[in-house]
file model-v8.cif (mmCIF, C-alpha atoms and all ligand atoms)
data_model
loop_
_atom_site.label_atom_id
_atom_site.label_comp_id
_atom_site.auth_asym_id
_atom_site.auth_seq_id
_atom_site.Cartn_x
_atom_site.Cartn_y
_atom_site.Cartn_z
CA MET A 16 0.00 0.00 0.00
CA PRO A 17 1.63 3.29 -1.09
CA GLU A 18 2.18 5.94 1.59
CA ARG A 19 0.97 9.52 1.69
CA ILE A 20 1.85 11.60 -1.41
CA THR A 21 2.04 15.38 -1.61
CA LEU A 22 2.74 16.77 -5.07
CA TYR A 23 4.25 20.24 -5.41
CA THR A 24 3.19 21.44 -8.82
CA ALA A 25 2.35 24.44 -11.02
CA LYS A 26 -0.30 24.49 -13.74
CA ILE A 27 1.91 26.34 -16.23
CA CYS A 28 4.73 23.78 -16.00
CA PRO A 29 4.94 20.90 -18.52
CA PHE A 30 7.32 18.94 -16.29
CA ALA A 31 4.87 19.16 -13.40
CA GLN A 32 2.00 18.01 -15.61
CA ARG A 33 3.96 14.83 -16.31
CA ALA A 34 3.78 13.92 -12.62
CA GLU A 35 0.10 14.85 -12.49
CA ILE A 36 -0.74 12.66 -15.50
CA ALA A 37 1.13 9.71 -13.98
CA LEU A 38 -0.77 10.08 -10.69
CA ALA A 39 -4.06 10.38 -12.59
CA GLU A 40 -3.29 7.25 -14.64
CA ALA A 41 -2.51 5.41 -11.40
CA LYS A 42 -5.72 6.75 -9.80
CA ALA A 43 -3.48 7.64 -6.86
CA GLU A 44 -4.71 9.56 -3.87
CA PHE A 45 -2.51 12.58 -3.31
CA THR A 46 -2.51 16.16 -2.08
CA PRO A 47 -1.62 18.69 -4.78
CA PHE A 48 -0.03 21.98 -3.75
CA GLN A 49 0.38 24.80 -6.26
CA ILE A 50 3.71 26.62 -6.16
CA ASP A 51 3.64 30.17 -7.51
CA LEU A 52 6.82 30.14 -9.62
CA SER A 53 7.02 33.92 -9.69
CA ASN A 54 6.83 34.11 -5.91
CA LYS A 55 8.06 30.83 -4.48
CA PRO A 56 7.52 30.25 -0.77
CA GLU A 57 10.74 30.60 1.20
CA TRP A 58 10.36 27.13 2.72
CA TYR A 59 10.14 25.37 -0.65
CA ALA A 60 13.84 25.01 -1.56
CA PRO A 61 15.17 24.20 1.92
CA LYS A 62 12.35 21.84 2.89
CA VAL A 63 11.24 20.24 -0.39
CA ASN A 64 13.49 20.67 -3.42
CA PRO A 65 16.92 22.30 -3.16
CA ALA A 66 16.80 22.90 -6.93
CA SER A 67 13.72 25.03 -6.22
CA LYS A 68 11.80 23.51 -9.14
CA VAL A 69 8.48 21.78 -9.60
CA PRO A 70 7.45 19.02 -9.70
CA ALA A 71 8.47 17.46 -6.40
CA ILE A 72 6.88 14.83 -4.18
CA ALA A 73 6.92 14.45 -0.42
CA TYR A 74 6.36 10.75 0.22
CA GLY A 75 5.34 9.18 3.52
CA GLY A 76 5.73 10.74 6.94
CA PRO A 77 2.98 12.12 9.17
CA GLU A 78 -0.06 14.04 7.94
CA VAL A 79 1.00 17.69 7.77
CA PRO A 80 -0.18 20.76 5.85
CA PRO A 81 1.70 20.83 2.50
CA ASP A 82 3.20 24.21 3.35
CA GLN A 83 4.74 22.71 6.49
CA PRO A 84 6.51 19.65 5.04
CA SER A 85 7.70 17.11 7.57
CA PRO A 86 11.39 16.18 7.73
CA GLU A 87 10.14 12.60 8.03
CA SER A 88 8.79 12.40 4.49
CA VAL A 89 11.10 11.47 1.61
CA LYS A 90 11.51 14.31 -0.90
CA LEU A 91 11.79 13.38 -4.56
CA ALA A 92 12.14 15.53 -7.69
CA GLU A 93 12.70 15.48 -11.49
CA SER A 94 9.61 14.79 -13.54
CA LEU A 95 10.80 11.63 -15.28
CA VAL A 96 12.02 10.20 -11.97
CA LEU A 97 8.60 10.92 -10.48
CA VAL A 98 6.79 9.27 -13.40
CA GLU A 99 8.88 6.12 -12.89
CA PHE A 100 8.33 6.34 -9.13
CA VAL A 101 4.56 6.41 -9.65
CA ALA A 102 4.91 3.50 -12.09
CA ASP A 103 6.82 1.54 -9.44
CA LEU A 104 4.30 2.36 -6.70
CA PHE A 105 1.38 1.43 -8.96
CA PRO A 106 2.59 -1.36 -11.26
CA ASP A 107 -0.97 -2.02 -12.48
CA SER A 108 -1.21 1.52 -13.89
CA GLY A 109 0.45 0.38 -17.12
CA ILE A 110 2.71 3.45 -17.10
CA LEU A 111 5.71 1.16 -17.50
CA SER A 112 5.18 -2.22 -19.08
CA ALA A 113 6.40 -5.34 -17.29
CA ASP A 114 7.97 -6.44 -20.58
CA PRO A 115 11.69 -5.47 -20.80
CA VAL A 116 11.53 -4.73 -24.53
CA THR A 117 8.54 -2.41 -24.17
CA ARG A 118 10.18 -0.72 -21.17
CA ALA A 119 13.31 -0.09 -23.26
CA GLN A 120 11.21 1.24 -26.15
CA THR A 121 9.39 3.55 -23.74
CA ARG A 122 12.68 4.95 -22.44
CA PHE A 123 14.09 5.26 -25.96
CA PHE A 124 11.09 7.36 -27.01
CA ILE A 125 11.49 9.54 -23.92
CA GLU A 126 15.17 10.00 -24.72
CA GLY A 127 14.24 11.34 -28.17
CA VAL A 128 11.69 13.72 -26.66
CA SER A 129 14.24 14.96 -24.10
CA SER A 130 17.28 15.30 -26.33
CA LYS A 131 15.65 16.38 -29.61
CA LEU A 132 12.08 17.64 -29.47
CA ILE A 133 12.13 19.70 -26.25
CA PRO A 134 15.40 21.56 -27.04
CA ALA A 135 14.21 22.29 -30.62
CA TRP A 136 10.88 23.53 -29.30
CA TYR A 137 12.41 25.88 -26.70
CA ALA A 138 14.93 27.18 -29.28
CA TYR A 139 12.08 28.08 -31.62
CA PHE A 140 9.68 29.34 -28.96
CA LEU A 141 12.06 31.28 -26.70
CA ARG A 142 14.84 32.28 -29.10
CA GLY A 143 13.16 32.32 -32.52
CA ALA A 144 15.58 29.69 -33.87
CA SER A 145 14.99 28.00 -37.22
CA VAL A 146 11.68 26.18 -37.57
CA ASP A 147 13.51 23.57 -39.66
CA ASP A 148 15.18 22.20 -36.54
CA LEU A 149 11.74 21.89 -34.92
CA TYR A 150 10.40 20.07 -37.98
CA ALA A 151 13.44 17.74 -38.00
CA ALA A 152 12.88 16.87 -34.33
CA ALA A 153 9.16 16.33 -34.94
CA GLU A 154 9.96 14.10 -37.89
CA TYR A 155 12.27 12.03 -35.70
CA VAL A 156 9.61 11.61 -33.01
CA GLN A 157 7.01 10.75 -35.63
CA SER A 158 9.34 8.09 -37.06
CA LEU A 159 9.27 6.31 -33.68
CA LEU A 160 5.47 6.05 -33.60
CA PRO A 161 3.72 2.82 -34.52
CA ALA A 162 1.11 2.96 -37.33
CA GLU A 163 -1.61 3.65 -34.77
CA GLY A 164 -2.10 4.03 -31.04
CA PHE A 165 0.25 5.48 -28.48
CA ALA A 166 4.06 5.62 -28.59
CA VAL A 167 4.59 2.01 -27.54
CA GLY A 168 1.05 0.80 -28.28
CA THR A 169 -0.79 1.30 -25.01
CA PHE A 170 -0.60 4.55 -23.04
CA SER A 171 2.70 4.79 -21.13
CA ALA A 172 5.41 6.99 -19.64
CA ALA A 173 6.46 7.80 -23.21
CA ASP A 174 3.15 9.56 -23.85
CA ILE A 175 3.28 11.21 -20.43
CA ALA A 176 6.71 12.63 -21.29
CA ILE A 177 5.60 14.33 -24.51
CA ALA A 178 1.95 15.35 -24.05
CA PRO A 179 2.48 18.40 -21.78
CA PHE A 180 4.99 19.85 -24.25
CA LEU A 181 2.74 19.36 -27.28
CA ALA A 182 -0.08 21.02 -25.32
CA ARG A 183 2.01 24.07 -24.49
CA ALA A 184 3.37 24.21 -28.04
CA ARG A 185 -0.24 24.36 -29.23
CA VAL A 186 -1.08 27.16 -26.77
CA SER A 187 1.98 29.11 -27.89
CA LEU A 188 1.49 28.59 -31.62
CA VAL A 189 -2.26 29.09 -32.01
CA ASN A 190 -2.03 32.25 -29.89
CA GLU A 191 1.18 33.49 -31.57
CA ILE A 192 3.01 33.70 -28.22
CA GLY A 193 6.77 33.34 -28.60
CA LYS A 194 9.93 34.78 -30.11
CA TYR A 195 9.29 33.32 -33.59
CA PRO A 196 7.93 35.72 -36.27
CA GLU A 197 4.36 36.81 -35.55
CA GLY A 198 1.91 35.05 -37.88
CA ASP A 199 4.02 31.90 -38.19
CA GLY A 200 2.60 30.18 -35.12
CA LYS A 201 -0.74 29.02 -36.50
CA LYS A 202 0.93 27.88 -39.75
CA VAL A 203 3.54 25.87 -37.85
CA TRP A 204 0.91 24.18 -35.67
CA GLU A 205 -1.10 23.32 -38.79
CA ALA A 206 2.05 21.97 -40.47
CA LEU A 207 2.89 19.82 -37.43
CA ASN A 208 -0.53 18.14 -37.60
CA THR A 209 -1.22 17.61 -41.29
CA GLY A 210 0.45 16.51 -44.55
CA LYS A 211 3.72 14.77 -43.81
CA PHE A 212 2.96 15.15 -40.10
CA ALA A 213 -0.49 13.56 -40.29
CA ARG A 214 0.60 10.64 -38.08
CA LEU A 215 1.98 13.02 -35.46
CA GLY A 216 -1.27 14.97 -35.70
CA LYS A 217 -3.38 11.89 -35.03
CA TYR A 218 -1.10 10.92 -32.14
CA THR A 219 -1.43 14.43 -30.67
CA GLU A 220 -5.22 14.20 -30.98
CA ASP A 221 -5.17 10.86 -29.13
CA LEU A 222 -2.98 12.31 -26.37
CA PHE A 223 -5.22 15.33 -25.90
CA ALA A 224 -8.30 13.07 -25.68
CA ARG A 225 -6.83 10.99 -22.86
CA GLU A 226 -8.73 11.56 -19.61
CA SER A 227 -5.56 11.85 -17.51
CA PHE A 228 -4.34 14.59 -19.85
CA LYS A 229 -7.64 16.48 -19.89
CA SER A 230 -8.05 16.39 -16.13
CA THR A 231 -4.55 17.83 -15.58
CA PHE A 232 -4.46 20.55 -18.24
CA ASP A 233 -6.13 23.89 -17.62
CA GLU A 234 -5.91 25.44 -21.07
CA ASP A 235 -7.43 28.79 -20.08
CA TYR A 236 -5.01 29.15 -17.20
CA VAL A 237 -1.98 28.15 -19.28
CA THR A 238 -3.00 30.50 -22.12
CA LYS A 239 -3.34 33.45 -19.74
CA ALA A 240 -0.12 32.55 -17.93
CA PHE A 241 1.77 32.22 -21.24
CA SER A 242 0.42 35.59 -22.41
CA ALA A 243 1.53 37.25 -19.20
CA ARG A 244 4.91 35.57 -18.98
CA PHE A 245 6.03 35.44 -22.62
CA ALA A 246 4.12 38.27 -24.34
CA ASP A 247 7.12 40.58 -24.46
CA LEU A 248 9.53 37.97 -25.90
CA ARG A 249 9.38 39.53 -29.39
CA SER A 250 10.19 43.01 -28.19
CA LYS A 251 13.43 41.82 -26.54
N1 LIG B 1 14.33 18.74 -15.19
C1 LIG B 1 13.25 19.20 -14.34
C2 LIG B 1 12.77 20.55 -14.86
C3 LIG B 1 11.69 21.17 -13.98
C4 LIG B 1 11.55 22.65 -14.26
O1 LIG B 1 12.35 23.25 -14.98
N2 LIG B 1 10.51 23.24 -13.68
C5 LIG B 1 10.35 24.67 -13.80
C6 LIG B 1 8.95 25.10 -14.14
S1 LIG B 1 8.41 24.47 -15.69
C7 LIG B 1 10.70 25.32 -12.47
O2 LIG B 1 10.25 24.89 -11.44
N3 LIG B 1 11.49 26.37 -12.54
C8 LIG B 1 11.90 27.09 -11.37
C9 LIG B 1 11.54 28.51 -11.44
O3 LIG B 1 10.80 28.92 -12.34
O4 LIG B 1 12.00 29.24 -10.58
C10 LIG B 1 12.13 18.16 -14.35
O5 LIG B 1 12.06 17.37 -15.31
O6 LIG B 1 11.36 18.09 -13.39
#

call {"tool": "encode", "arguments": {"input": "model-v8.cif", "output": "structure tokens", "more": "lines below"}}
Ligand SMILES: N[C@@H](CCC(=O)N[C@@H](CS)C(=O)NCC(=O)O)C(=O)O
result
Amino acid sequence: MPERITLYTAKICPFAQRAEIALAEAKAEFTPFQIDLSNKPEWYAPKVNPASKVPAIAYGGPEVPPDQPSPESVKLAESLVLVEFVADLFPDSGILSADPVTRAQTRFFIEGVSSKLIPAWYAYFLRGASVDDLYAAAEYVQSLLPAEGFAVGTFSAADIAIAPFLARARVSLVNEIGKYPEGDGKKVWEALNTGKFARLGKYTEDLFARESFKSTFDEDYVTKAFSARFADLRSK
């Protein structure tokens, strides 16, 4: 029986949504606590995550208010570590297959997302780098997908790793929020979902329809937060 879980999270953060999706898939009971990233509580780094980032989990220990974390709970961080932790706590969740080959395929997909897609996305979004690098990364990810279904067939940690980033890419692009040239966003989102990216588009649609994704993504909030936080990127 898993112990008490407190998740320190923030709705804007794609890494934090990974942990939330994993917990939702596992149907885990947990206490969520929103961290305001622009005004982090002073206790957060010393008592929860020295890196001062979300997501983080306090596991076990006595029942305490989340803003008074107990030294007796174990503190864990890094989104992909937390996704695997949830998978280990809840092996029936299907987040990580019991089959060694499927587990390796899941991790290989995540590696591609981490080393190719996410850096290419941030370079385009935050620095206005070439869209060709984003398309190349998307093409690579698409090449890993099976003909239909999720990244390794059934829904897994691989899908959890990518979905929050695709969701925030959509928010950025359809609302033209980012450093890239104004007017390109909607075209790039369309391109990433149709034509030679039709398979990626169908995969994205499947991810966004997943209940664990829908219940952990507040599109209105993220859109407003992106507008506030990144609106002046182009003027810099
Ligand atoms: N590698 C970390 C990255 C987490 C991360 O960068 N989180 C951001 C928010 S999306 C954060 O908490 N940043 C600290 C801050 O904004 O001060 C993970 O996978 O969990």

call {"tool": "residues_near_ligand", "arguments": {"input": "model-v8.cif", "ligand": "ligand LIG 1 (chain B)", "cutoff": "7 Å", "atoms": "all atoms listed in the file", "output": "number ranges by chain"}}
result
A: 27-31, 52-53, 67-70, 92-95

call {"tool": "closest_residue", "arguments": {"input": "model-v8.cif", "among": "A:Pro161, A:Pro17, A:Pro86, A:Gly200", "to": "Tyr218 (chain A)", "atoms": "all atoms listed in the file"}}
result
A:Pro161

call {"tool": "closest_residue", "arguments": {"input": "model-v8.cif", "among": "A:Thr21, A:Ser108, A:Gln120, A:Gln157", "to": "Pro84 (chain A)", "atoms": "all atoms listed in the file"}}
result
A:Thr21

call {"tool": "closest_residue", "arguments": {"input": "model-v8.cif", "among": "A:Asp247, A:Asp51, A:Glu35, A:Glu57", "to": "Tyr195 (chain A)", "atoms": "all atoms listed in the file"}}
result
A:Asp247

call {"tool": "atom_distance", "arguments": {"input": "model-v8.cif", "atom1": "CA of Ile20 (chain A)", "atom2": "CA of Arg225 (chain A)"}}
result
23.1 Å

call {"tool": "residues_around", "arguments": {"input": "model-v8.cif", "residues": "Arg142 (chain A)", "least_positions_apart": "6", "cutoff": "9 Å", "atoms": "all atoms listed in the file", "output": "PyMOL selection string"}}
result
chain A and resi 193-195+248

call {"tool": "write_last_selection", "arguments": {"input": "model-v8.cif", "atoms": "C-alpha atoms", "output": "CSV table (one decimal), keeping the file's coordinate frame"}}
result
chain,number,residue,atom,x,y,z
A,193,GLY,CA,6.8,33.3,-28.6
A,194,LYS,CA,9.9,34.8,-30.1
A,195,TYR,CA,9.3,33.3,-33.6
A,248,LEU,CA,9.5,38.0,-25.9

call {"tool": "atom_distance", "arguments": {"input": "model-v8.cif", "atom1": "CA of Gln49 (chain A)", "atom2": "CA of Lys26 (chain A)"}}
result
7.5 Å

call {"tool": "residues_around", "arguments": {"input": "model-v8.cif", "residues": "Leu215 (chain A)", "least_positions_apart": "3", "cutoff": "12 Å", "atoms": "all atoms listed in the file", "output": "PDB file with C-alpha atoms, in the coordinates of the input"}}
result
ATOM      1  CA  TYR A 150      10.400  20.070 -37.980  1.00  0.00           C
ATOM      2  CA  ALA A 152      12.880  16.870 -34.330  1.00  0.00           C
ATOM      3  CA  ALA A 153       9.160  16.330 -34.940  1.00  0.00           C
ATOM      4  CA  GLU A 154       9.960  14.100 -37.890  1.00  0.00           C
ATOM      5  CA  TYR A 155      12.270  12.030 -35.700  1.00  0.00           C
ATOM      6  CA  VAL A 156       9.610  11.610 -33.010  1.00  0.00           C
ATOM      7  CA  GLN A 157       7.010  10.750 -35.630  1.00  0.00           C
ATOM      8  CA  SER A 158       9.340   8.090 -37.060  1.00  0.00           C
ATOM      9  CA  LEU A 159       9.270   6.310 -33.680  1.00  0.00           C
ATOM     10  CA  LEU A 160       5.470   6.050 -33.600  1.00  0.00           C
ATOM     11  CA  PRO A 161       3.720   2.820 -34.520  1.00  0.00           C
ATOM     12  CA  ALA A 162       1.110   2.960 -37.330  1.00  0.00           C
ATOM     13  CA  GLU A 163      -1.610   3.650 -34.770  1.00  0.00           C
ATOM     14  CA  GLY A 164      -2.100   4.030 -31.040  1.00  0.00           C
ATOM     15  CA  PHE A 165       0.250   5.480 -28.480  1.00  0.00           C
ATOM     16  CA  ALA A 166       4.060   5.620 -28.590  1.00  0.00           C
ATOM     17  CA  ILE A 177       5.600  14.330 -24.510  1.00  0.00           C
ATOM     18  CA  ALA A 178       1.950  15.350 -24.050  1.00  0.00           C
ATOM     19  CA  LEU A 181       2.740  19.360 -27.280  1.00  0.00           C
ATOM     20  CA  TRP A 204       0.910  24.180 -35.670  1.00  0.00           C
ATOM     21  CA  GLU A 205      -1.100  23.320 -38.790  1.00  0.00           C
ATOM     22  CA  ALA A 206       2.050  21.970 -40.470  1.00  0.00           C
ATOM     23  CA  LEU A 207       2.890  19.820 -37.430  1.00  0.00           C
ATOM     24  CA  ASN A 208      -0.530  18.140 -37.600  1.00  0.00           C
ATOM     25  CA  THR A 209      -1.220  17.610 -41.290  1.00  0.00           C
ATOM     26  CA  GLY A 210       0.450  16.510 -44.550  1.00  0.00           C
ATOM     27  CA  LYS A 211       3.720  14.770 -43.810  1.00  0.00           C
ATOM     28  CA  PHE A 212       2.960  15.150 -40.100  1.00  0.00           C
ATOM     29  CA  TYR A 218      -1.100  10.920 -32.140  1.00  0.00           C
ATOM     30  CA  THR A 219      -1.430  14.430 -30.670  1.00  0.00           C
ATOM     31  CA  GLU A 220      -5.220  14.200 -30.980  1.00  0.00           C
ATOM     32  CA  ASP A 221      -5.170  10.860 -29.130  1.00  0.00           C
ATOM     33  CA  LEU A 222      -2.980  12.310 -26.370  1.00  0.00           C
TER      34      LEU A 222
END

call {"tool": "residues_around", "arguments": {"input": "model-v8.cif", "residues": "Phe223 (chain A)", "least_positions_apart": "5", "cutoff": "12 Å", "atoms": "all atoms listed in the file", "output": "number ranges by chain"}}
result
A: 36, 165, 174-175, 177-183, 185, 216-218, 228-234

call {"tool": "atom_distance", "arguments": {"input": "model-v8.cif", "atom1": "CA of Asp82 (chain A)", "atom2": "CA of Tyr59 (chain A)"}}
result
8.1 Å

call {"tool": "closest_residue", "arguments": {"input": "model-v8.cif", "among": "A:Val203, A:Ile133, A:Val116, A:Met16", "to": "Asp147 (chain A)", "atoms": "only C-alpha atoms"}}
result
A:Val203

call {"tool": "residues_around", "arguments": {"input": "model-v8.cif", "residues": "Ser242 (chain A)", "least_positions_apart": "3", "cutoff": "9 Å", "atoms": "only C-alpha atoms", "output": "ChimeraX atom specification"}}
result
/A:187,190,192,237-239,245-247

call {"tool": "axis_aligned_box", "arguments": {"input": "model-v8.cif", "around": "region 204-210 of chain A", "padding_each_side": "8 Å", "output": "JSON"}}
result
{"center_x": 0.8, "center_y": 20.3, "center_z": -40.1, "size_x": 20.1, "size_y": 23.7, "size_z": 24.9}

call {"tool": "closest_residue", "arguments": {"input": "model-v8.cif", "among": "A:Asn64, A:Thr169, A:Ser130, A:Ser85", "to": "Gly109 (chain A)", "atoms": "all atoms listed in the file"}}
result
A:Thr169

call {"tool": "closest_residue", "arguments": {"input": "model-v8.cif", "among": "A:Ala213, A:Val186, A:Ala39, A:Ile72", "to": "Ala240 (chain A)", "atoms": "only C-alpha atoms"}}
result
A:Val186

call {"tool": "residues_around", "arguments": {"input": "model-v8.cif", "residues": "Ala71 (chain A)", "least_positions_apart": "6", "cutoff": "6 Å", "atoms": "all atoms listed in the file", "output": "list of chain:residue names"}}
result
A:Leu22, A:Tyr23, A:Leu91, A:Ala92

call {"tool": "decode", "arguments": {"input": "model-v8.cif", "residues": "region 195-205 of chain A", "atoms": "all heavy atoms", "output": "compact mmCIF listing (two decimals), in the first residue's frame"}}
result
# COMPACT_ATOMS: atom_id res chain seq x y z
N TYR A 195 9.33 33.55 -32.14
CA TYR A 195 9.29 33.32 -33.59
C TYR A 195 8.47 34.45 -34.26
O TYR A 195 7.69 35.13 -33.59
CB TYR A 195 8.67 31.94 -33.89
CG TYR A 195 7.33 31.75 -33.24
CD1 TYR A 195 6.17 32.25 -33.83
CD2 TYR A 195 7.21 31.12 -32.00
CE1 TYR A 195 4.93 32.12 -33.21
CE2 TYR A 195 5.97 30.98 -31.39
CZ TYR A 195 4.84 31.48 -31.99
OH TYR A 195 3.62 31.36 -31.39
N PRO A 196 8.62 34.62 -35.60
CA PRO A 196 7.93 35.72 -36.27
C PRO A 196 6.41 35.63 -36.10
O PRO A 196 5.81 34.56 -36.28
CB PRO A 196 8.30 35.54 -37.74
CG PRO A 196 9.55 34.73 -37.73
CD PRO A 196 9.48 33.85 -36.52
N GLU A 197 5.81 36.75 -35.74
CA GLU A 197 4.36 36.81 -35.55
C GLU A 197 3.66 36.38 -36.83
O GLU A 197 4.04 36.79 -37.93
CB GLU A 197 3.94 38.24 -35.19
CG GLU A 197 2.47 38.34 -34.89
CD GLU A 197 2.19 39.25 -33.70
OE1 GLU A 197 2.97 40.17 -33.46
OE2 GLU A 197 1.18 38.98 -33.02
N GLY A 198 2.64 35.54 -36.70
CA GLY A 198 1.91 35.05 -37.88
C GLY A 198 2.34 33.65 -38.28
O GLY A 198 1.61 32.95 -38.98
N ASP A 199 3.53 33.24 -37.83
CA ASP A 199 4.02 31.90 -38.19
C ASP A 199 3.41 30.81 -37.30
O ASP A 199 3.35 29.65 -37.69
CB ASP A 199 5.55 31.81 -38.06
CG ASP A 199 6.25 32.48 -39.24
OD1 ASP A 199 5.53 33.12 -40.05
OD2 ASP A 199 7.48 32.39 -39.34
N GLY A 200 3.01 31.18 -36.10
CA GLY A 200 2.60 30.18 -35.12
C GLY A 200 1.49 29.26 -35.61
O GLY A 200 1.64 28.03 -35.58
N LYS A 201 0.40 29.86 -36.06
CA LYS A 201 -0.74 29.02 -36.50
C LYS A 201 -0.34 28.13 -37.67
O LYS A 201 -0.75 26.96 -37.75
CB LYS A 201 -1.92 29.91 -36.90
CG LYS A 201 -2.60 30.60 -35.72
CD LYS A 201 -3.85 31.34 -36.18
CE LYS A 201 -4.41 32.21 -35.06
NZ LYS A 201 -3.54 33.35 -34.68
N LYS A 202 0.49 28.68 -38.58
CA LYS A 202 0.93 27.88 -39.75
C LYS A 202 1.78 26.70 -39.29
O LYS A 202 1.67 25.58 -39.82
CB LYS A 202 1.75 28.76 -40.71
CG LYS A 202 0.93 29.78 -41.45
CD LYS A 202 1.83 30.56 -42.42
CE LYS A 202 1.43 32.02 -42.44
NZ LYS A 202 2.49 32.94 -42.81
N VAL A 203 2.66 26.95 -38.32
CA VAL A 203 3.54 25.87 -37.85
C VAL A 203 2.73 24.78 -37.15
O VAL A 203 2.96 23.59 -37.36
CB VAL A 203 4.66 26.44 -36.94
CG1 VAL A 203 5.43 25.33 -36.24
CG2 VAL A 203 5.61 27.32 -37.74
N TRP A 204 1.74 25.20 -36.34
CA TRP A 204 0.91 24.18 -35.67
C TRP A 204 0.15 23.35 -36.70
O TRP A 204 0.07 22.12 -36.59
CB TRP A 204 -0.05 24.84 -34.67
CG TRP A 204 -0.86 23.78 -33.96
CD1 TRP A 204 -2.18 23.51 -34.12
CD2 TRP A 204 -0.36 22.82 -33.02
NE1 TRP A 204 -2.55 22.45 -33.33
CE2 TRP A 204 -1.46 22.00 -32.64
CE3 TRP A 204 0.89 22.58 -32.46
CZ2 TRP A 204 -1.32 20.96 -31.73
CZ3 TRP A 204 1.03 21.52 -31.54
CH2 TRP A 204 -0.07 20.73 -31.19
N GLU A 205 -0.39 24.03 -37.71
CA GLU A 205 -1.10 23.32 -38.79
C GLU A 205 -0.14 22.34 -39.49
O GLU A 205 -0.48 21.18 -39.71
CB GLU A 205 -1.63 24.38 -39.78
CG GLU A 205 -2.21 23.86 -41.08
CD GLU A 205 -3.61 23.29 -40.91
OE1 GLU A 205 -4.18 23.46 -39.82
OE2 GLU A 205 -4.10 22.64 -41.87
